[in-house]
Amino acid sequence: MSNITVSVLVPCYNCEKTIARTIDSIINQTYDNNLISLILCNDGSTDNTLKILKQYQNKYGNKKIIILDKKNEGSSIARKYLLDKCDSKYFMLMDSDDYYVPNAIKQLVNRLDRDVDVVVAKTIILNKHNHQKKIFWANFFNKRTTYIKYLKKCEYGYPWNKLIRTSILKNNDIIFTKTSSLDDLLLNSQLFSLTNNVAFCNEYTYYYDRSSSNLSGSNKKFISDKKNNDIIENLKATFEYIVDKKKFKMTDSHINTILNNAIFTSLVNLYASLIHFPRKYKVKIEKKTKQFYFHKVNKIVKQYGFKYHHPKCWWRFSASFFFRFKNILK
């Protein structure tokens with residue numbers, strides 16, 4: 001497909017050290033620059049982030065780069081502002097410390113068909129030592145599949161490796177919470193409830209940089225009660241949105257698959273938050289604290305009439321991806 005307009009949406013918070021690399025990777029795409037727009041939301045930054053954004057806007061113009069400036073409310077609300085402003089046929093979400101390969105957008109657009117709602121690409125994760133870990137979900141399938149099959153095989157917690165049809169989210173009353181942790185879970189769960197067909201790009205298009213922590217006020221390394229409460233809030237919002245199956249005409253199998261993923265992702269993130277904290281904080285996580293948050297997960301699940309298995313091995317984070325492929329819901 002040709003002449004497809006694409007907007008890249010980037011929430012920005014205190015990212016003065018990384019945002020130039022991010023913007024440059026978009027500006028220098030091999031895809032027709034006249035078809036690409038960049039929308040940046042400054043989410044109450046207290047450093048020079050806004051100044052840098054304006055420098056790029058002055059250089060490339062208001063039509064090419066759009067800046068939204070607002071008070072800090074977290075990455076989820078920042079994405080809501082960005083999506084409201086987006087008028088392209090397709091959009092891509094991006095973190096302010098990550099970057100694209102030069103032909104990323106072109107590769108994704110080339111995988112589009114008329115009835116494809118989402119294109120998923122391969123991703124490279126960078127850690128603080130600049131070591132690379134490649135994620136290649138596309139290898140599970142040939143050219144395309146339904147989202148229900150995709151969910152049963154693949155980890156889905158990230159929104160930034162996808163080219164998404166804008167109308168899918170803009171026309172369906174998407175919920176955004178005032179959170180900065182695991183808001184991806186809520187966004188993706190809603191996307192999966194509305195999407196029919198997904199295509200795959202067999203190229204690595206995105207670098208996800210785990211060495212920094214700039215996303216709209218959330219410190220990816222800091223462990224806090226707020227982070228854990230954000231996880232709980234987004235899980236609850238996911239259930240509230242998805243369980244209304246009459247609205248979306250989803251089958252029970254479709255609903256269970258989405259919620260199965262949501263529960264697992266929440267538990268894994270809670271485990272990582274409570275157990276794998278940086279040594280320098282010297283925080284002793286008591287057993288009662290773990291039980292408190294996992295009790296909240298159980299309460300949400302039971303509230304909506306679902307039952308799920310809770311293997312003891314979930315406490316072993318290293319085994320999480322093994323259990324990712326098991327059915328949590330009965």
# chains A, B, ... in the order shown; residues from 1 in each chain; ligands from 1

$ closest_atom_pairs --of "segment 67-138 of chain A" --to "segment 29-39 of chain A" --cutoff "10 Å" --atoms "only C-alpha atoms" --output "CSV"
residue,atom,partner,partner_atom,distance
A:Ile67,CA,A:Ile39,CA,6.0
A:Leu68,CA,A:Ile39,CA,7.6
A:Tyr81,CA,A:Ile39,CA,9.8
A:Leu82,CA,A:Ile39,CA,6.6
A:Leu83,CA,A:Ile39,CA,9.1
A:Lys85,CA,A:Ile39,CA,7.9
A:Cys86,CA,A:Ile39,CA,7.7
A:Asp87,CA,A:Ser37,CA,9.6
A:Ser88,CA,A:Ser37,CA,8.1
A:Tyr90,CA,A:Ile36,CA,9.9
A:Phe91,CA,A:Ser37,CA,9.3
A:Met92,CA,A:Leu38,CA,9.8
A:Leu93,CA,A:Ile39,CA,9.9
A:Tyr100,CA,A:Gln29,CA,8.3
A:Val101,CA,A:Gln29,CA,7.9
A:Pro102,CA,A:Gln29,CA,4.8
A:Asn103,CA,A:Thr30,CA,5.2
A:Ala104,CA,A:Gln29,CA,7.2
A:Ile105,CA,A:Tyr31,CA,6.2
A:Lys106,CA,A:Tyr31,CA,4.9
A:Gln107,CA,A:Tyr31,CA,8.6
A:Val109,CA,A:Tyr31,CA,8.9

$ residues_around --residues "segment 158-173 of chain A" --least-positions-apart "5" --cutoff "10 Å" --atoms "only C-alpha atoms" --output "NGL selection string"
:A and (6-10 or 80 or 83-84 or 86-95 or 98 or 100 or 104-105 or 108-109 or 111-112 or 115-124 or 182-185 or 187-188 or 190-195 or 198-201 or 204-208 or 241 or 248)

$ residues_around --residues "Asp47 of chain A" --least-positions-apart "6" --cutoff "8 Å" --atoms "only C-alpha atoms" --output "VMD selection string"
chain A and resid 14 to 16

$ write_last_selection --atoms "C-alpha atoms" --output "PDB file, in the first residue's frame"
ATOM      1  CA  ASN A  14      12.584  14.747  31.553  1.00  0.00           C
ATOM      2  CA  CYS A  15      14.208  13.140  28.529  1.00  0.00           C
ATOM      3  CA  GLU A  16      16.726  15.829  27.580  1.00  0.00           C
TER       4      GLU A  16
END

$ atom_distance --atom1 "atom CA of Ser45 of chain A" --atom2 "atom CA of Ile66 of chain A"
16.6 Å

$ atom_distance --atom1 "atom CA of Arg114 of chain A" --atom2 "atom CA of Ile255 of chain A"
25.6 Å

$ closest_residue --among "A:Ile174, A:Tyr99, A:Phe306, A:Ile231" --to "Leu259 of chain A" --atoms "only C-alpha atoms"
A:Phe306

$ residues_around --residues "Thr179 of chain A" --least-positions-apart "2" --cutoff "10 Å" --atoms "only C-alpha atoms" --output "ChimeraX atom specification"
/A:73-77,176-177,181-183,216-218,226-227,229-231,233-234

$ atom_distance --atom1 "atom CA of Leu50 of chain A" --atom2 "atom CA of Asn28 of chain A"
20.9 Å
